[in-house]
file structure-v3.tsv (TSV, C-alpha atoms and all ligand atoms)
chain	number	residue	atom	x	y	z
W	608	MET	CA	0.00	0.00	0.00
W	609	GLY	CA	1.39	3.44	-0.93
W	610	THR	CA	2.04	5.69	2.04
W	611	THR	CA	-0.20	8.57	0.97
W	612	MET	CA	-2.86	5.94	0.39
W	613	LEU	CA	-2.25	4.64	3.93
W	614	THR	CA	-2.85	8.13	5.34
W	615	GLN	CA	-6.00	8.59	3.29
W	616	GLU	CA	-7.41	5.17	4.08
W	617	THR	CA	-6.61	5.44	7.78
W	618	ASN	CA	-8.28	8.86	7.91
W	619	GLU	CA	-11.36	7.36	6.28
W	620	LEU	CA	-11.44	4.56	8.85
W	621	PHE	CA	-11.22	7.14	11.63
W	622	ASP	CA	-13.97	9.27	10.10
W	623	LYS	CA	-16.28	6.32	9.84
W	624	TYR	CA	-15.45	4.10	12.81
W	625	VAL	CA	-13.58	6.03	15.52
W	626	ILE	CA	-15.37	8.42	17.88
W	627	GLY	CA	-14.25	11.98	17.31
W	628	ASN	CA	-13.54	12.95	20.92
W	629	TYR	CA	-10.02	14.26	20.22
W	630	PHE	CA	-8.67	17.25	18.30
W	631	ARG	CA	-6.83	14.81	16.09
W	632	GLN	CA	-4.31	15.52	13.32
W	633	ASN	CA	-4.81	13.69	10.02
W	634	HIS	CA	-1.21	12.51	10.05
W	635	VAL	CA	-0.73	8.79	10.63
W	636	ILE	CA	2.28	8.05	12.81
W	637	VAL	CA	3.88	4.74	11.93
W	638	LYS	CA	7.16	4.65	13.82
W	639	GLY	CA	8.91	6.07	16.87
W	640	SER	CA	12.47	5.86	18.15
W	641	GLY	CA	13.91	7.91	21.00
W	642	SER	CA	12.85	11.53	20.49
W	643	LYS	CA	11.76	11.06	16.87
W	644	ILE	CA	8.57	9.94	15.19
W	645	TRP	CA	7.76	9.33	11.52
W	646	ASP	CA	4.50	9.69	9.65
W	647	ALA	CA	3.20	7.43	6.88
W	648	ASP	CA	4.74	9.70	4.24
W	649	GLY	CA	8.18	9.16	5.75
W	650	LYS	CA	8.42	12.66	7.25
W	651	GLU	CA	10.47	12.81	10.45
W	652	TYR	CA	9.46	14.91	13.48
W	653	LEU	CA	11.24	15.82	16.69
W	654	ASP	CA	8.92	14.83	19.53
W	655	MET	CA	9.13	17.26	22.42
W	656	PHE	CA	5.96	15.93	24.05
W	657	PRO	CA	6.27	12.18	23.48
W	658	GLY	CA	2.98	10.40	24.03
W	659	TRP	CA	1.61	13.16	26.29
W	660	ALA	CA	4.39	12.37	28.81
W	661	VAL	CA	3.95	8.59	28.48
W	662	SER	CA	7.11	7.88	26.49
W	663	GLY	CA	9.23	9.49	29.22
W	664	ILE	CA	12.40	7.69	28.15
W	665	GLY	CA	11.64	8.11	24.45
W	666	HIS	CA	9.79	5.94	21.96
W	667	CYS	CA	10.53	2.22	21.88
W	668	HIS	CA	13.43	2.28	24.36
W	669	PRO	CA	15.45	-0.89	23.54
W	670	LYS	CA	15.51	-2.06	27.14
W	671	VAL	CA	11.73	-1.79	27.41
W	672	VAL	CA	11.28	-3.48	24.01
W	673	ARG	CA	13.45	-6.42	25.13
W	674	ALA	CA	11.61	-6.73	28.44
W	675	ILE	CA	8.23	-6.77	26.66
W	676	GLN	CA	9.46	-9.36	24.15
W	677	HIS	CA	10.82	-11.60	26.89
W	678	GLN	CA	7.73	-11.28	29.10
W	679	ALA	CA	5.37	-11.80	26.14
W	680	GLU	CA	7.02	-15.14	25.48
W	681	THR	CA	6.71	-16.17	29.12
W	682	LEU	CA	3.41	-14.91	30.56
W	683	ILE	CA	1.45	-11.95	29.20
W	684	HIS	CA	-1.50	-11.84	31.54
W	685	MET	CA	-2.23	-13.38	34.88
W	686	ASP	CA	-5.18	-12.26	36.96
W	687	ASN	CA	-4.92	-11.18	40.57
W	688	THR	CA	-6.15	-14.52	41.87
W	689	PHE	CA	-2.42	-15.30	42.00
W	690	CYS	CA	0.82	-13.48	42.73
W	691	ASN	CA	3.11	-12.74	39.80
W	692	GLU	CA	6.80	-11.96	40.11
W	693	PRO	CA	7.02	-8.72	38.06
W	694	GLN	CA	4.19	-7.12	40.10
W	695	GLY	CA	5.95	-7.85	43.40
W	696	ILE	CA	9.31	-6.57	42.14
W	697	LEU	CA	7.77	-3.40	40.67
W	698	ALA	CA	5.89	-2.65	43.91
W	699	ARG	CA	9.19	-2.90	45.84
W	700	MET	CA	10.94	-0.63	43.33
W	701	ILE	CA	8.27	2.07	43.66
W	702	SER	CA	8.17	1.75	47.44
W	703	GLU	CA	11.96	2.03	47.79
W	704	ARG	CA	12.10	5.11	45.56
W	705	SER	CA	9.28	6.95	47.34
W	706	PHE	CA	8.01	6.74	50.91
W	707	GLY	CA	7.92	3.05	51.74
W	708	GLY	CA	4.31	2.43	50.79
W	709	LYS	CA	2.38	-0.53	49.42
W	710	CYS	CA	1.07	-0.53	45.84
W	711	PHE	CA	-2.12	-1.28	43.98
W	712	PHE	CA	-1.93	-1.52	40.17
W	713	CYS	CA	-4.39	-0.49	37.47
W	714	ASN	CA	-4.11	0.72	33.87
W	715	SER	CA	-4.27	4.50	33.65
W	716	GLY	CA	-3.97	7.76	35.53
W	717	ALA	CA	-7.69	8.22	36.01
W	718	GLU	CA	-8.00	4.72	37.45
W	719	ALA	CA	-5.16	5.45	39.86
W	720	VAL	CA	-6.99	8.59	40.97
W	721	GLU	CA	-10.22	6.61	41.45
W	722	ALA	CA	-8.35	4.07	43.56
W	723	ALA	CA	-6.80	6.85	45.65
W	724	LEU	CA	-10.17	8.54	46.25
W	725	LYS	CA	-11.84	5.27	47.20
W	726	LEU	CA	-8.98	4.35	49.52
W	727	ALA	CA	-9.12	7.79	51.16
W	728	ARG	CA	-12.84	7.47	51.91
W	729	ARG	CA	-12.52	3.87	52.99
W	730	TYR	CA	-9.56	4.54	55.31
W	731	THR	CA	-10.88	7.68	56.98
W	732	ALA	CA	-14.48	6.34	57.05
W	733	LYS	CA	-16.96	7.38	59.81
W	734	GLY	CA	-18.55	10.63	58.69
W	735	LYS	CA	-15.65	11.66	56.49
W	736	TYR	CA	-16.37	12.00	52.80
W	737	LYS	CA	-15.28	15.43	51.55
W	738	ILE	CA	-12.45	15.68	49.07
W	739	ILE	CA	-10.66	19.00	48.53
W	740	SER	CA	-8.99	19.72	45.19
W	741	VAL	CA	-7.47	22.88	43.76
W	742	GLU	CA	-8.47	25.11	40.88
W	743	GLY	CA	-6.72	24.39	37.59
W	744	SER	CA	-6.05	20.79	38.56
W	745	PHE	CA	-6.43	17.86	36.21
W	746	HIS	CA	-6.98	14.33	37.50
W	747	GLY	CA	-8.59	12.46	34.59
W	748	ARG	CA	-11.86	11.83	32.77
W	749	THR	CA	-13.65	9.08	34.68
W	750	ILE	CA	-16.49	10.43	36.77
W	751	GLY	CA	-14.64	10.55	40.12
W	752	ALA	CA	-11.39	11.86	38.63
W	753	MET	CA	-13.37	14.35	36.53
W	754	THR	CA	-15.18	15.59	39.63
W	755	ALA	CA	-11.81	15.99	41.38
W	756	THR	CA	-10.64	18.04	38.37
W	757	ALA	CA	-11.45	21.59	39.44
W	758	GLN	CA	-12.09	23.00	35.96
W	759	PRO	CA	-15.80	23.72	35.26
W	760	LYS	CA	-15.16	23.40	31.51
W	761	LYS	CA	-14.30	19.72	31.95
W	762	HIS	CA	-17.64	19.12	33.74
W	763	GLU	CA	-19.87	20.60	31.02
W	764	GLY	CA	-22.56	18.13	29.92
W	765	PHE	CA	-21.77	15.60	32.65
W	766	LEU	CA	-23.61	16.98	35.67
W	767	PRO	CA	-24.42	16.13	38.40
W	768	LEU	CA	-20.96	15.57	39.79
W	769	ILE	CA	-20.20	13.21	42.66
W	770	PRO	CA	-21.17	14.86	45.95
W	771	GLY	CA	-18.62	15.93	48.52
W	772	PHE	CA	-15.98	17.69	46.41
W	773	ILE	CA	-14.74	21.16	47.38
W	774	TYR	CA	-12.61	23.36	45.14
W	775	VAL	CA	-10.15	25.89	46.53
W	776	PRO	CA	-7.74	28.34	44.85
W	777	PHE	CA	-4.26	26.91	44.23
W	778	ASN	CA	-1.44	27.81	46.64
W	779	ASP	CA	-3.86	29.70	48.94
W	780	ILE	CA	-3.35	28.43	52.50
W	781	GLU	CA	-6.10	30.61	54.02
W	782	ALA	CA	-8.73	29.26	51.60
W	783	LEU	CA	-7.58	25.73	52.38
W	784	ARG	CA	-7.92	26.32	56.12
W	785	GLU	CA	-11.41	27.71	55.67
W	786	ALA	CA	-12.48	24.69	53.60
W	787	PHE	CA	-11.20	22.16	56.15
W	788	ASP	CA	-13.40	20.51	58.74
W	789	ASP	CA	-13.64	17.06	60.31
W	790	GLU	CA	-15.70	15.75	57.38
W	791	VAL	CA	-12.74	16.11	55.02
W	792	ALA	CA	-11.37	12.71	54.01
W	793	ALA	CA	-8.64	13.88	51.63
W	794	VAL	CA	-6.89	16.62	49.74
W	795	ILE	CA	-5.78	15.70	46.23
W	796	LEU	CA	-3.10	17.79	44.54
W	797	GLU	CA	-0.57	17.63	41.72
W	798	PRO	CA	2.79	18.75	43.19
W	799	ILE	CA	3.34	20.37	39.77
W	800	GLN	CA	0.21	20.94	37.73
W	801	GLY	CA	0.56	19.64	34.17
W	802	GLU	CA	-2.60	20.38	32.15
W	803	GLY	CA	-3.08	23.40	34.43
W	804	GLY	CA	-0.03	25.03	32.83
W	805	ILE	CA	3.13	23.73	34.60
W	806	ARG	CA	2.48	25.38	37.96
W	807	ALA	CA	4.32	24.13	41.02
W	808	ALA	CA	2.74	23.94	44.46
W	809	GLU	CA	4.72	26.06	46.89
W	810	THR	CA	6.57	24.08	49.57
W	811	HIS	CA	4.72	25.80	52.41
W	812	TYR	CA	1.41	25.02	50.66
W	813	LEU	CA	2.25	21.30	50.52
W	814	GLN	CA	3.29	21.50	54.17
W	815	ALA	CA	0.03	23.23	55.10
W	816	ILE	CA	-1.95	20.44	53.41
W	817	ARG	CA	0.15	17.86	55.28
W	818	ASP	CA	-0.42	19.63	58.64
W	819	LEU	CA	-4.16	20.12	58.12
W	820	CYS	CA	-4.59	16.50	57.05
W	821	ASP	CA	-2.74	15.36	60.17
W	822	GLN	CA	-4.82	17.62	62.43
W	823	HIS	CA	-8.11	16.40	60.95
W	824	ASN	CA	-7.21	12.74	60.34
W	825	ALA	CA	-7.54	13.21	56.61
W	826	VAL	CA	-5.15	11.89	53.95
W	827	ALA	CA	-2.95	13.80	51.51
W	828	ILE	CA	-2.99	12.45	47.95
W	829	TRP	CA	-0.25	13.65	45.61
W	830	ASP	CA	-1.15	13.03	41.97
W	831	GLU	CA	2.18	12.20	40.32
W	832	VAL	CA	0.66	10.88	37.09
W	833	GLN	CA	2.32	13.59	35.00
W	834	CYS	CA	5.13	14.98	37.19
W	835	GLY	CA	6.44	11.61	38.46
W	836	MET	CA	9.06	9.18	37.13
W	837	GLY	CA	12.09	11.45	37.17
W	838	ARG	CA	10.67	14.27	35.07
W	839	THR	CA	11.30	17.06	37.60
W	840	GLY	CA	14.81	15.98	38.57
W	841	LYS	CA	13.64	13.68	41.38
W	842	TRP	CA	11.85	10.35	41.14
W	843	PHE	CA	8.64	12.09	42.18
W	844	GLY	CA	7.65	15.74	42.02
W	845	TYR	CA	6.86	15.96	45.75
W	846	GLN	CA	10.47	15.06	46.60
W	847	ASN	CA	11.57	18.53	45.45
W	848	ALA	CA	9.68	19.92	48.45
W	849	GLY	CA	10.20	16.92	50.73
W	850	VAL	CA	6.58	16.77	51.95
W	851	GLU	CA	5.31	13.20	51.85
W	852	PRO	CA	1.76	12.13	50.98
W	853	ASP	CA	-0.30	9.29	52.44
W	854	ILE	CA	-1.24	8.15	48.94
W	855	MET	CA	0.47	8.82	45.62
W	856	THR	CA	-0.85	8.15	42.11
W	857	MET	CA	1.30	7.21	39.11
W	858	ALA	CA	0.75	6.29	35.44
W	859	LYS	CA	1.93	7.82	32.14
W	860	ALA	CA	5.75	7.34	32.04
W	861	LEU	CA	5.70	4.43	34.51
W	862	GLY	CA	5.35	1.76	31.81
W	863	GLY	CA	7.70	3.18	29.17
W	864	GLY	CA	4.75	3.31	26.76
W	865	ILE	CA	2.72	0.35	28.02
W	866	SER	CA	-0.49	1.21	29.79
W	867	ILE	CA	-0.15	0.99	33.56
W	868	GLY	CA	-1.37	2.97	36.56
W	869	ALA	CA	-0.60	2.59	40.23
W	870	ILE	CA	-1.04	4.00	43.67
W	871	ALA	CA	1.38	3.74	46.56
W	872	ALA	CA	-0.02	4.25	50.05
W	873	ARG	CA	1.44	4.28	53.56
W	874	PRO	CA	1.05	0.67	54.79
W	875	GLU	CA	-1.40	1.63	57.53
W	876	VAL	CA	-3.61	3.42	54.97
W	877	ALA	CA	-3.13	0.78	52.26
W	878	ASP	CA	-4.40	-1.97	54.53
W	879	ALA	CA	-7.92	-0.47	54.38
W	880	LEU	CA	-8.31	-1.99	50.89
W	881	VAL	CA	-9.22	-5.47	52.10
W	882	PRO	CA	-10.41	-8.15	49.63
W	883	GLY	CA	-13.65	-7.18	47.93
W	884	THR	CA	-13.20	-3.40	48.25
W	885	HIS	CA	-11.38	-2.59	45.00
W	886	ALA	CA	-9.96	-4.40	41.97
W	887	SER	CA	-8.78	-4.18	38.38
W	888	THR	CA	-8.83	-7.16	36.00
W	889	PHE	CA	-5.77	-6.07	34.02
W	890	GLY	CA	-4.06	-4.27	36.92
W	891	GLY	CA	-0.52	-5.43	37.67
W	892	ASN	CA	-0.33	-7.88	34.77
W	893	PRO	CA	3.15	-9.32	34.16
W	894	LEU	CA	3.62	-7.63	30.76
W	895	ALA	CA	2.93	-4.09	32.00
W	896	CYS	CA	4.94	-4.64	35.19
W	897	ALA	CA	7.94	-6.02	33.26
W	898	ALA	CA	7.86	-2.93	31.03
W	899	ALA	CA	7.74	-0.67	34.12
W	900	ILE	CA	10.64	-2.51	35.79
W	901	ALA	CA	12.71	-2.06	32.61
W	902	THR	CA	11.74	1.63	32.50
W	903	ILE	CA	12.94	2.24	36.07
W	904	GLU	CA	16.16	0.33	35.37
W	905	ALA	CA	16.74	2.32	32.17
W	906	ILE	CA	16.27	5.59	34.07
W	907	GLU	CA	18.85	4.52	36.66
W	908	GLU	CA	21.36	2.96	34.28
W	909	GLY	CA	21.27	6.02	32.03
W	910	ASN	CA	21.39	8.57	34.91
W	911	LEU	CA	18.32	10.05	33.31
W	912	ILE	CA	17.09	11.92	36.39
W	913	GLU	CA	20.39	13.82	36.44
W	914	ASN	CA	20.06	14.36	32.71
W	915	ALA	CA	16.55	15.76	33.19
W	916	LEU	CA	17.95	18.34	35.61
W	917	LYS	CA	20.86	19.23	33.37
W	918	MET	CA	18.86	19.40	30.14
W	919	GLY	CA	16.06	21.27	31.92
W	920	GLU	CA	18.48	23.97	32.99
W	921	TYR	CA	20.00	24.08	29.50
W	922	THR	CA	16.55	24.41	27.89
W	923	ARG	CA	15.41	27.17	30.24
W	924	GLY	CA	18.63	29.10	29.51
W	925	LYS	CA	17.98	28.82	25.76
W	926	ILE	CA	14.35	29.87	26.17
W	927	LEU	CA	15.47	32.95	28.11
W	928	GLN	CA	17.62	33.84	25.09
W	929	LEU	CA	14.58	33.39	22.84
W	930	GLN	CA	12.58	35.63	25.17
W	931	GLU	CA	14.96	38.52	24.39
W	932	LYS	CA	14.11	38.15	20.69
W	933	HIS	CA	10.42	37.32	20.87
W	934	SER	CA	7.99	39.53	22.74
W	935	CYS	CA	5.32	36.78	22.66
W	936	ILE	CA	7.25	34.93	25.42
W	937	ASP	CA	6.23	36.22	28.82
W	938	HIS	CA	8.31	33.88	30.99
W	939	VAL	CA	9.46	30.29	31.39
W	940	ARG	CA	8.76	28.10	34.42
W	941	GLY	CA	8.98	24.50	35.58
W	942	LEU	CA	11.27	21.95	37.15
W	943	GLY	CA	13.68	19.61	35.38
W	944	LEU	CA	12.21	18.69	32.00
W	945	MET	CA	8.68	19.73	32.93
W	946	ILE	CA	8.81	23.12	31.26
W	947	GLY	CA	6.10	25.67	30.52
W	948	ILE	CA	6.66	28.65	28.23
W	949	GLN	CA	4.08	31.26	29.19
W	950	LEU	CA	3.05	33.24	26.13
W	951	ASN	CA	1.14	36.48	26.14
W	952	GLU	CA	-0.92	35.29	23.17
W	953	PRO	CA	-2.65	32.02	22.19
W	954	GLY	CA	-0.21	29.22	21.35
W	955	THR	CA	-2.13	26.88	19.04
W	956	GLY	CA	-0.87	28.59	15.86
W	957	ILE	CA	2.72	28.19	17.07
W	958	VAL	CA	2.14	24.49	17.79
W	959	GLN	CA	0.76	23.94	14.29
W	960	ARG	CA	3.62	25.81	12.57
W	961	CYS	CA	6.19	23.87	14.64
W	962	TRP	CA	4.54	20.65	13.48
W	963	ASP	CA	4.68	21.79	9.85
W	964	LYS	CA	8.42	22.37	10.31
W	965	GLY	CA	8.96	18.95	11.88
W	966	MET	CA	8.67	19.47	15.65
W	967	ARG	CA	5.99	18.43	18.06
W	968	ILE	CA	5.25	20.58	21.09
W	969	ASN	CA	2.03	21.03	23.08
W	970	CYS	CA	-0.04	23.96	24.23
W	971	THR	CA	-2.21	23.90	27.34
W	972	GLN	CA	-4.53	26.50	28.91
W	973	ASP	CA	-4.43	28.36	25.55
W	974	THR	CA	-1.20	30.23	26.26
W	975	VAL	CA	1.29	27.79	27.81
W	976	LEU	CA	3.63	25.84	25.53
W	977	ARG	CA	4.46	22.54	27.20
W	978	PHE	CA	7.98	21.33	26.52
W	979	MET	CA	8.36	17.88	28.06
W	980	PRO	CA	10.86	15.89	25.98
W	981	ALA	CA	12.16	12.43	26.85
W	982	LEU	CA	14.49	12.35	29.85
W	983	ASN	CA	17.35	11.10	27.64
W	984	ILE	CA	17.17	14.11	25.29
W	985	THR	CA	20.50	15.64	24.19
W	986	GLU	CA	21.64	19.26	23.87
W	987	ASP	CA	21.81	18.78	20.12
W	988	LEU	CA	18.14	17.78	19.83
W	989	ILE	CA	17.07	20.57	22.18
W	990	ASP	CA	18.96	23.04	19.96
W	991	GLN	CA	17.22	21.66	16.87
W	992	ALA	CA	13.80	21.92	18.54
W	993	LEU	CA	14.36	25.45	19.83
W	994	ASN	CA	15.72	26.58	16.45
W	995	ILE	CA	12.40	25.53	14.95
W	996	LEU	CA	10.54	27.42	17.69
W	997	ASP	CA	12.76	30.45	17.01
W	998	GLU	CA	11.98	30.31	13.27
W	999	VAL	CA	8.27	29.94	13.91
W	1000	MET	CA	8.18	32.84	16.35
W	1001	THR	CA	10.16	34.97	13.91
Q	1101	LIG	C1	-1.99	14.75	36.85
Q	1101	LIG	C2	-2.84	13.81	36.04
Q	1101	LIG	N1	-3.65	12.96	36.69
Q	1101	LIG	C3	-4.43	12.09	36.02
Q	1101	LIG	C4	-4.44	12.06	34.65
Q	1101	LIG	C5	-5.31	11.08	33.91
Q	1101	LIG	O1	-4.53	10.10	33.33
Q	1101	LIG	P1	-5.11	9.12	32.18
Q	1101	LIG	O2	-5.31	9.96	30.96
Q	1101	LIG	O3	-4.06	8.07	32.03
Q	1101	LIG	O4	-6.38	8.57	32.70
Q	1101	LIG	C6	-3.61	12.95	33.93
Q	1101	LIG	C7	-3.61	12.95	32.46
Q	1101	LIG	O5	-3.13	13.82	31.80
Q	1101	LIG	C8	-2.80	13.85	34.66
Q	1101	LIG	O6	-2.00	14.72	34.03

call {"tool": "encode", "arguments": {"input": "structure-v3.tsv", "output": "structure tokens"}}
result
Amino acid sequence: MGTTMLTQETNELFDKYVIGNYFRQNHVIVKGSGSKIWDADGKEYLDMFPGWAVSGIGHCHPKVVRAIQHQAETLIHMDNTFCNEPQGILARMISERSFGGKCFFCNSGAEAVEAALKLARRYTAKGKYKIISVEGSFHGRTIGAMTATAQPKKHEGFLPLIPGFIYVPFNDIEALREAFDDEVAAVILEPIQGEGGIRAAETHYLQAIRDLCDQHNAVAIWDEVQCGMGRTGKWFGYQNAGVEPDIMTMAKALGGGISIGAIAARPEVADALVPGTHASTFGGNPLACAAAIATIEAIEEGNLIENALKMGEYTRGKILQLQEKHSCIDHVRGLGLMIGIQLNEPGTGIVQRCWDKGMRINCTQDTVLRFMPALNITEDLIDQALNILDEVMT
């Protein structure tokens, strides 16, 4: 089949058979390797937002590919009626790199958030049901995660929401204090907001949540789905501030491209999920866990957390140089390789022109360019990407 034909035929299949719930490009992507992707016409693109932060160590990392191949030949799926070795090993790896918790596995970020919310209500129990979340947050599209997402636009057409959720302004300790009472079961927060525009929670805000949760016997949930897995220069975003949660959610980059979600919870909290309270058929299957183990090993063997810090600093320096030339850049913010370029105009046109010139970048909240390349990105590729951005802005 000719490649242009492949694009056309695939587009036709999508038009006819796939629900149109995404702003989707017509391009058909057929291959990915490291920080590059190729479309069906053979055109190469630099991917500075690989898989919406899923391909955190680049596309088709060889170590992850080998682990998947090996596991696929051994045991792809095994239900949770039994233990499986990769799930146990992965749980230990997560626990040892965070706060010593116990894990539950599922398949996506939203499912991890659902598990965290259920665990919070189940653990705190007796009269506690309220969940506090902050404005601009994003926690997923299932009904509980969507209700936790404090963005009215995301709720349109899906009312009524689940009762018991309270929204407070981000980084506002007074508002948080006012919202707290003994009916609060949990606060859920992204240590660094992703969809909300790369906005970090201030350390004293995280500490205030921690203190208020302790005073009221509520639990702190840090949503690390986007900012976890080494992206910010630490294994998990919260470790930059050093304020530990009771429950943490993970997904996206955890599986190196394979779908996996997880929560880790302090053992005392985790033990509230007794048999019959929560489950996931696919959760913790050997294939996904083997891919996640290989991902963690690849991050450590390649010193990729250090690289994220180094390349993040390099990128921010380069963007500051661009800011001197281009008045559309207001400022740059972020940690490690979780970088937001705040524009003073809408960014979708820039994203499209970058794509036309062979570079993928993302825009969120209309005016924030999200630059979140793979953790093993090099200076050379960053230069190439920012040269394209420079040309486009010129
Ligand atoms: C912080 C955060 N939580 C949860 C989710 C939902 O994850 P998923 O799309 O895998 O359900 C996302 C997705 O972008 C996210 O950024």

call {"tool": "closest_residue", "arguments": {"input": "structure-v3.tsv", "among": "W:Gln972, W:Asn691, W:Ser705, W:Asn994", "to": "Ala872 in chain W", "atoms": "only C-alpha atoms"}}
result
W:Ser705

call {"tool": "residues_around", "arguments": {"input": "structure-v3.tsv", "residues": "Arg784 in chain W", "least_positions_apart": "6", "cutoff": "9 Å", "atoms": "all atoms listed in the file", "output": "PyMOL selection string"}}
result
chain W and resi 815-816+819

call {"tool": "closest_residue", "arguments": {"input": "structure-v3.tsv", "among": "W:Glu931, W:Glu904, W:Asp937, W:Glu986", "to": "Leu697 in chain W", "atoms": "all atoms listed in the file"}}
result
W:Glu904

call {"tool": "residues_near_point", "arguments": {"input": "structure-v3.tsv", "point": "(-10.1, 16.3, 34.2)", "cutoff": "12 Å", "atoms": "only C-alpha atoms", "output": "PyMOL selection string"}}
result
chain W and resi 716-717+720+740-763+765+800-803

call {"tool": "closest_residue", "arguments": {"input": "structure-v3.tsv", "among": "W:Met836, W:Ala647, W:Met857, W:Ile989", "to": "ligand LIG 1101 (chain Q)", "atoms": "all atoms listed in the file"}}
result
W:Met857

call {"tool": "atom_distance", "arguments": {"input": "structure-v3.tsv", "atom1": "CA of Met918 in chain W", "atom2": "CA of Arg806 in chain W"}}
result
19.1 Å

call {"tool": "axis_aligned_box", "arguments": {"input": "structure-v3.tsv", "around": "ligand LIG 1101 (chain Q)", "padding_each_side": "8 Å", "output": "JSON"}}
result
{"center_x": -4.2, "center_y": 11.4, "center_z": 33.9, "size_x": 20.4, "size_y": 22.7, "size_z": 21.9}
